[in-house]
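Novice: What follows is the file target.csv, containing CSV, C-alpha atoms and all ligand atoms:
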chain,number,residue,atom,x,y,z
A,93,MET,CA,78.8,121.7,157.1
A,94,PRO,CA,82.5,121.5,158.1
A,95,GLN,CA,85.0,121.2,155.2
A,96,PRO,CA,86.3,117.6,154.9
A,97,ILE,CA,89.6,116.6,156.5
A,98,ARG,CA,91.9,115.1,153.9
A,99,VAL,CA,93.4,111.8,155.1
A,100,HIS,CA,96.5,110.7,153.3
A,101,THR,CA,96.4,107.0,154.0
A,102,TRP,CA,96.6,103.3,153.0
A,103,PRO,CA,94.7,100.2,154.3
A,104,THR,CA,97.1,99.3,157.0
A,105,PRO,CA,96.7,99.2,160.8
A,106,ASN,CA,98.0,102.7,161.3
A,107,GLY,CA,95.8,104.0,158.5
A,108,HIS,CA,92.7,102.2,160.0
A,109,LYS,CA,93.2,104.0,163.3
A,110,VAL,CA,92.4,107.3,161.7
A,111,HIS,CA,89.6,105.9,159.5
A,112,ILE,CA,87.9,104.4,162.6
A,113,MET,CA,88.3,107.7,164.5
A,114,LEU,CA,86.8,109.8,161.8
A,115,GLU,CA,83.9,107.3,161.5
A,116,GLU,CA,83.3,107.3,165.2
A,117,LEU,CA,83.2,111.1,165.2
A,118,GLY,CA,81.1,111.4,162.1
A,119,LEU,CA,83.4,114.0,160.7
A,120,PRO,CA,83.4,114.4,156.9
A,121,TYR,CA,86.7,113.3,155.3
A,122,GLU,CA,88.3,112.8,152.0
A,123,VAL,CA,90.6,109.8,151.4
A,124,VAL,CA,93.8,110.5,149.5
A,125,PRO,CA,95.4,107.1,148.8
A,126,VAL,CA,99.2,106.8,149.2
A,127,ASN,CA,100.2,103.5,147.7
A,128,ILE,CA,103.2,102.7,149.9
A,129,GLY,CA,104.1,99.6,147.9
A,130,GLN,CA,104.4,101.8,144.7
A,131,GLY,CA,106.5,104.5,146.4
A,132,GLU,CA,103.9,107.2,146.5
A,133,GLN,CA,105.0,108.1,150.1
A,134,PHE,CA,108.1,109.7,148.5
A,135,ARG,CA,106.2,112.1,146.3
A,136,PRO,CA,107.1,115.8,147.1
A,137,GLU,CA,103.5,116.7,148.0
A,138,PHE,CA,103.4,113.9,150.6
A,139,LEU,CA,106.9,114.7,151.9
A,140,ALA,CA,105.7,118.3,152.4
A,141,LEU,CA,103.2,116.9,155.0
A,142,THR,CA,105.6,114.5,156.7
A,143,PRO,CA,109.3,114.2,156.4
A,144,ASN,CA,108.9,110.7,157.9
A,145,HIS,CA,107.2,109.5,154.7
A,146,ARG,CA,104.8,107.3,156.6
A,147,ILE,CA,101.0,107.2,156.4
A,148,PRO,CA,98.7,108.4,158.0
A,149,ALA,CA,98.8,112.2,157.7
A,150,ILE,CA,95.9,114.6,157.7
A,151,GLU,CA,95.2,118.1,156.4
A,152,ASP,CA,92.5,119.9,158.3
A,153,PRO,CA,91.3,123.0,156.4
A,154,ASP,CA,89.8,124.3,159.7
A,155,GLY,CA,92.6,123.7,162.1
A,156,PRO,CA,93.5,125.6,165.3
A,157,ASP,CA,92.6,129.3,165.1
A,158,GLY,CA,90.7,128.4,161.9
A,159,GLN,CA,93.9,128.0,159.9
A,160,PRO,CA,94.7,125.0,157.7
A,161,PHE,CA,96.7,122.4,159.7
A,162,ALA,CA,98.7,119.3,158.7
A,163,LEU,CA,99.6,116.5,161.1
A,164,PHE,CA,101.3,113.1,161.0
A,165,GLU,CA,101.8,110.3,163.5
A,166,SER,CA,98.6,108.3,164.1
A,167,GLY,CA,98.6,108.8,167.9
A,168,ALA,CA,99.0,112.6,167.6
A,169,ILE,CA,96.2,112.6,165.0
A,170,LEU,CA,93.8,110.7,167.3
A,171,ILE,CA,94.5,113.2,170.2
A,172,TYR,CA,94.0,116.1,167.8
A,173,LEU,CA,90.7,114.8,166.4
A,174,ALA,CA,89.4,114.1,169.9
A,175,GLU,CA,90.4,117.5,171.2
A,176,LYS,CA,89.1,119.3,168.1
A,177,THR,CA,85.6,117.8,168.6
A,178,GLY,CA,85.7,117.7,172.5
A,179,SER,CA,85.0,114.0,172.2
A,180,ALA,CA,84.9,111.8,175.3
A,181,LEU,CA,87.1,109.3,173.4
A,182,LEU,CA,89.9,111.2,175.1
A,183,PRO,CA,88.8,112.1,178.7
A,184,ALA,CA,89.1,115.9,179.2
A,185,ALA,CA,91.2,115.9,182.4
A,186,GLY,CA,92.4,114.1,185.4
A,187,ALA,CA,93.5,110.5,186.0
A,188,ALA,CA,91.2,109.1,183.2
A,189,ARG,CA,92.9,111.3,180.6
A,190,HIS,CA,96.4,110.2,181.7
A,191,ARG,CA,95.4,106.6,181.8
A,192,CYS,CA,94.0,106.9,178.2
A,193,LEU,CA,97.3,108.5,177.0
A,194,GLN,CA,99.3,105.8,178.8
A,195,TRP,CA,97.6,103.0,176.9
A,196,LEU,CA,97.8,105.0,173.7
A,197,MET,CA,101.6,105.3,174.2
A,198,PHE,CA,101.7,101.6,175.0
A,199,GLN,CA,100.3,101.0,171.5
A,200,MET,CA,102.4,103.6,169.8
A,201,GLY,CA,105.7,102.6,171.5
A,202,GLY,CA,105.1,98.8,172.0
A,203,VAL,CA,102.3,97.1,170.1
A,204,GLY,CA,102.8,98.9,166.8
A,205,PRO,CA,106.6,98.7,166.4
A,206,MET,CA,106.9,95.1,167.8
A,207,PHE,CA,104.0,93.7,165.8
A,208,GLY,CA,105.4,95.5,162.8
A,209,GLN,CA,108.8,94.0,163.2
A,210,TYR,CA,107.3,90.5,163.6
A,211,ASN,CA,105.4,91.0,160.3
A,212,HIS,CA,108.7,92.1,158.7
A,213,PHE,CA,110.8,89.1,159.8
A,214,ALA,CA,108.1,86.5,159.6
A,215,ALA,CA,106.5,87.6,156.3
A,216,TYR,CA,108.8,89.9,154.3
A,217,ALA,CA,112.4,89.4,155.1
A,218,PRO,CA,114.2,87.7,152.1
A,219,GLU,CA,115.9,85.3,154.5
A,220,LYS,CA,114.3,83.7,157.5
A,221,ILE,CA,116.3,84.6,160.6
A,222,PRO,CA,115.2,82.4,163.4
A,223,TYR,CA,116.5,84.7,166.2
A,224,ALA,CA,114.6,87.7,164.8
A,225,ILE,CA,111.4,85.8,164.2
A,226,GLU,CA,111.6,84.3,167.7
A,227,ARG,CA,112.4,87.6,169.4
A,228,TYR,CA,109.4,89.4,167.9
A,229,ALA,CA,107.1,86.4,168.3
A,230,ASN,CA,108.0,86.5,172.0
A,231,GLU,CA,107.3,90.2,172.1
A,232,VAL,CA,103.9,89.8,170.4
A,233,ALA,CA,102.9,87.1,172.9
A,234,ARG,CA,104.2,89.1,175.8
A,235,LEU,CA,102.2,92.2,174.7
A,236,HIS,CA,99.1,90.1,174.3
A,237,ARG,CA,99.6,88.9,177.9
A,238,VAL,CA,99.9,92.5,179.1
A,239,MET,CA,96.6,93.3,177.3
A,240,GLU,CA,95.0,90.2,178.7
A,241,LYS,CA,95.8,91.1,182.3
A,242,ARG,CA,94.5,94.6,181.7
A,243,LEU,CA,91.3,93.6,179.9
A,244,ALA,CA,90.5,90.9,182.5
A,245,GLU,CA,90.0,93.7,185.0
A,246,SER,CA,88.7,96.5,182.7
A,247,ALA,CA,86.2,96.6,179.9
A,248,TYR,CA,88.5,98.7,177.7
A,249,LEU,CA,92.2,99.5,177.8
A,250,ALA,CA,91.9,102.9,179.5
A,251,GLY,CA,89.0,102.0,181.8
A,252,PRO,CA,85.3,101.4,181.7
A,253,ASP,CA,84.8,103.4,178.4
A,254,TYR,CA,85.9,102.9,174.8
A,255,SER,CA,88.6,105.4,174.0
A,256,ILE,CA,91.3,106.4,171.5
A,257,ALA,CA,93.6,103.9,173.2
A,258,ASP,CA,91.3,101.1,171.9
A,259,ILE,CA,91.0,102.7,168.5
A,260,ALA,CA,94.8,102.7,168.2
A,261,THR,CA,95.2,99.1,169.4
A,262,PHE,CA,92.3,97.3,167.7
A,263,PRO,CA,93.6,97.4,164.1
A,264,TRP,CA,96.9,95.8,165.3
A,265,VAL,CA,95.0,93.0,167.2
A,266,ARG,CA,92.8,92.3,164.2
A,267,ASN,CA,93.7,89.3,162.0
A,268,PRO,CA,95.6,87.6,164.8
A,269,ASP,CA,96.5,84.6,162.7
A,270,ARG,CA,98.9,86.8,160.8
A,271,ARG,CA,101.0,87.0,163.9
A,272,GLY,CA,100.6,83.4,165.0
A,273,ILE,CA,98.2,84.4,167.7
A,274,ASP,CA,95.0,82.4,168.6
A,275,LEU,CA,92.8,84.8,170.5
A,276,SER,CA,91.1,81.9,172.3
A,277,ASP,CA,94.3,81.8,174.3
A,278,TYR,CA,93.5,85.4,175.4
A,279,PRO,CA,89.8,85.4,176.4
A,280,ALA,CA,89.7,88.9,177.7
A,281,VAL,CA,91.4,90.3,174.6
A,282,LYS,CA,89.0,88.3,172.5
A,283,ARG,CA,86.0,89.7,174.3
A,284,TRP,CA,87.4,93.2,173.8
A,285,HIS,CA,88.3,92.6,170.1
A,286,ASP,CA,84.8,91.2,169.3
A,287,ALA,CA,83.0,94.1,171.0
A,288,ILE,CA,85.1,96.7,169.1
A,289,ALA,CA,84.8,94.8,165.8
A,290,ALA,CA,81.0,94.9,166.0
A,291,ARG,CA,80.8,98.7,166.2
A,292,PRO,CA,79.3,100.1,163.0
A,293,ALA,CA,82.0,102.9,162.8
A,294,VAL,CA,84.7,100.3,163.1
A,295,ARG,CA,83.2,98.1,160.4
A,296,ARG,CA,83.1,101.2,158.1
A,297,GLY,CA,86.6,102.3,159.1
A,298,VAL,CA,88.4,99.1,158.3
A,299,GLU,CA,86.7,99.0,154.9
A,300,VAL,CA,88.4,102.2,153.8
A,301,LEU,CA,90.5,101.4,150.7
A,302,SER,CA,90.1,97.7,151.5
A,303,GLU,CA,89.8,97.0,147.7
A,304,ARG,CA,93.4,98.3,147.5
A,305,GLN,CA,94.8,95.9,150.2
A,306,ARG,CA,97.9,94.0,149.2
A,307,ARG,CA,97.3,90.3,148.6
A,308,GLY,CA,99.7,87.5,147.9
A,309,PRO,CA,103.5,87.6,148.1
A,310,ILE,CA,105.3,91.0,148.2
A,311,SER,CA,106.7,92.1,144.8
A,312,ASP,CA,110.2,93.3,144.0
A,313,THR,CA,108.9,96.8,143.5
A,314,GLU,CA,107.1,96.8,146.9
A,315,ARG,CA,110.2,95.4,148.6
A,316,GLU,CA,112.4,98.0,147.1
A,317,ASN,CA,110.1,100.9,148.1
A,318,MET,CA,109.5,99.7,151.6
A,319,PHE,CA,112.7,97.9,152.6
A,320,GLY,CA,115.3,98.7,149.9
A,321,ARG,CA,117.3,101.5,148.5
A,322,THR,CA,114.4,103.8,147.7
A,323,GLN,CA,113.2,103.6,151.4
A,324,PHE,CA,116.7,104.5,152.7
A,325,ALA,CA,117.7,107.1,150.1
A,326,VAL,CA,119.0,110.3,151.6
A,327,ARG,CA,116.3,113.0,151.1
A,401,LIG,N1,104.4,105.8,164.1
A,401,LIG,C1,103.8,106.0,162.8
A,401,LIG,C2,104.0,104.7,162.0
A,401,LIG,C3,103.4,104.9,160.6
A,401,LIG,C4,103.8,103.7,159.7
A,401,LIG,O1,104.6,102.9,160.0
A,401,LIG,N2,103.2,103.7,158.5
A,401,LIG,C5,103.5,102.7,157.5
A,401,LIG,C6,102.3,101.9,157.1
A,401,LIG,S1,101.4,101.2,158.5
A,401,LIG,C7,104.0,103.4,156.3
A,401,LIG,O2,103.6,104.4,155.9
A,401,LIG,N3,105.1,102.8,155.6
A,401,LIG,C8,105.6,103.4,154.5
A,401,LIG,C9,107.0,102.9,154.3
A,401,LIG,O3,107.5,102.0,154.9
A,401,LIG,O4,107.7,103.5,153.4
A,401,LIG,C10,102.3,106.3,163.0
A,401,LIG,O5,101.8,105.7,163.9
A,401,LIG,O6,101.7,107.1,162.3
Starting from the file, lay out its structure as structure tokens.
Specialist:
Amino acid sequence: MPQPIRVHTWPTPNGHKVHIMLEELGLPYEVVPVNIGQGEQFRPEFLALTPNHRIPAIEDPDGPDGQPFALFESGAILIYLAEKTGSALLPAAGAARHRCLQWLMFQMGGVGPMFGQYNHFAAYAPEKIPYAIERYANEVARLHRVMEKRLAESAYLAGPDYSIADIATFPWVRNPDRRGIDLSDYPAVKRWHDAIAARPAVRRGVEVLSERQRRGPISDTERENMFGRTQFAVR
């Protein structure tokens, strides 16, 4: 029995990518909650794993060459876990592999940051700045149109098969109403979303730490830790 991978995480889209991946692979893992609203991402033991103080990060006791290995950045973690297990969730070579990495990068560099900024300005910013809200709402809609075009011609983002590109993107397309999106306007994205949401591993993955999910308006402490002086302190 392999030793469990420790996942330092929180129930957010970037955390759920890794929970879903571990569930899909059937790897044993141990969840180490990092409450980002309460500032636990700034604890020395977490900063030792990632100077970027963002979840998710993993510690694999059985890393490359059998040595303990720590890794942050959700996209890098998905690639690592696929390669560690030889999983077809990342095609081994050729055009299929590059296409998968292309759509993974599209998520990491586009969907994640843009949707995240939309959430920030629409839900968390203390003042409502119409220009910022409109800019990111436009980006969210544009990125949905890109996915719609792709998924109208392909079952999954990288091609005919489910891959780490879908695992990275799905948690950000979930709960579309939070971004002012009605998935019935994007029928191919909806078909893809519903197929992925029905996978047993995905259902289990998005439940990880769900009881700790933030509900209701953001508190002053949470605002301070995520967007205030604590966040931007020189470390
Ligand atoms: N590019 C990073 C982004 C990670 C990220 O933004 N994590 C957020 C939660 S989804 C976080 O830890 N925030 C803590 C903070 O803002 O202090 C990844 O994909 O791993």
Novice: Please list as number ranges by chain every residue within 9 Å of Ala180 (chain A), counting all atoms listed in the file and excluding residues in the same chain fewer than 5 positions away.
Specialist: A: 174-175, 253-255
Novice: May I ask which of the residues A:Pro263, A:Ala149, A:Gly178, A:Leu117 is the closest one to Glu299 (chain A), counting only C-alpha atoms?
Specialist: A:Pro263
Novice: Which residue, A:Ile147, A:Met197, A:Leu141, A:Met206, has the smallest gap to ligand LIG 401 (chain A) when you use only C-alpha atoms and all ligand atoms?
Specialist: A:Ile147
Novice: For region 212-216 of chain A, find every residue with an atom within 10 Å (counting only C-alpha atoms), except residues of its own chain fewer than 2 positions away, and show them as a PyMOL selection string.
Specialist: chain A and resi 206-210+218-229+270-272+309-311+315+319
Novice: Selected residues, C-alpha atoms, written as a compact mmCIF listing (two decimals), in the coordinates of the input, please.
Specialist:
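File written: out.txt
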# COMPACT_ATOMS: atom_id res chain seq x y z
CA MET A 206 106.90 95.10 167.80
CA PHE A 207 104.00 93.70 165.80
CA GLY A 208 105.40 95.50 162.80
CA GLN A 209 108.80 94.00 163.20
CA TYR A 210 107.30 90.50 163.60
CA PRO A 218 114.20 87.70 152.10
CA GLU A 219 115.90 85.30 154.50
CA LYS A 220 114.30 83.70 157.50
CA ILE A 221 116.30 84.60 160.60
CA PRO A 222 115.20 82.40 163.40
CA TYR A 223 116.50 84.70 166.20
CA ALA A 224 114.60 87.70 164.80
CA ILE A 225 111.40 85.80 164.20
CA GLU A 226 111.60 84.30 167.70
CA ARG A 227 112.40 87.60 169.40
CA TYR A 228 109.40 89.40 167.90
CA ALA A 229 107.10 86.40 168.30
CA ARG A 270 98.90 86.80 160.80
CA ARG A 271 101.00 87.00 163.90
CA GLY A 272 100.60 83.40 165.00
CA PRO A 309 103.50 87.60 148.10
CA ILE A 310 105.30 91.00 148.20
CA SER A 311 106.70 92.10 144.80
CA ARG A 315 110.20 95.40 148.60
CA PHE A 319 112.70 97.90 152.60
Novice: Kindly compile the residues surrounding ligand LIG 401 (chain A) within 8 Å, counting all atoms listed in the file, and format them as a PyMOL selection string.
Specialist: chain A and resi 101-107+128-129+131+133-134+145-149+164-167+200+204-205+208+317-319+323
Novice: In Å, with one decimal, what is the gap from CA of Arg304 (chain A) to CA of Asp286 (chain A)?
Specialist: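 Interatomic distance here is 24.5 Å.
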Novice: Can you work out the spacing between CA of Asn144 (chain A) and CA of Arg306 (chain A) in Å, to one decimal?
Specialist: 21.8 Å
Novice: So the first atom is CA of Ile112 (chain A) and the second is CA of Asn267 (chain A); what is the distance between them in Å, to one decimal place?
Specialist: 16.2 Å
Novice: Please identify all polymer residues within 10 Å of Ile171 (chain A), counting only C-alpha atoms, omitting same-chain residues fewer than 2 positions from it, and present them as JSON, numbers by chain.
Specialist: {"A": [166, 167, 168, 169, 173, 174, 175, 176, 179, 181, 182, 193, 196, 256, 257]}
Novice: Counting all atoms listed in the file, which of A:Ile97, A:Arg242, A:His108, A:Glu115 gets nearest to Pro292 (chain A)?
Specialist: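 Between A:Ile97, A:Arg242, A:His108, A:Glu115, the residue approaching Pro292 (chain A) most closely is A:Glu115.
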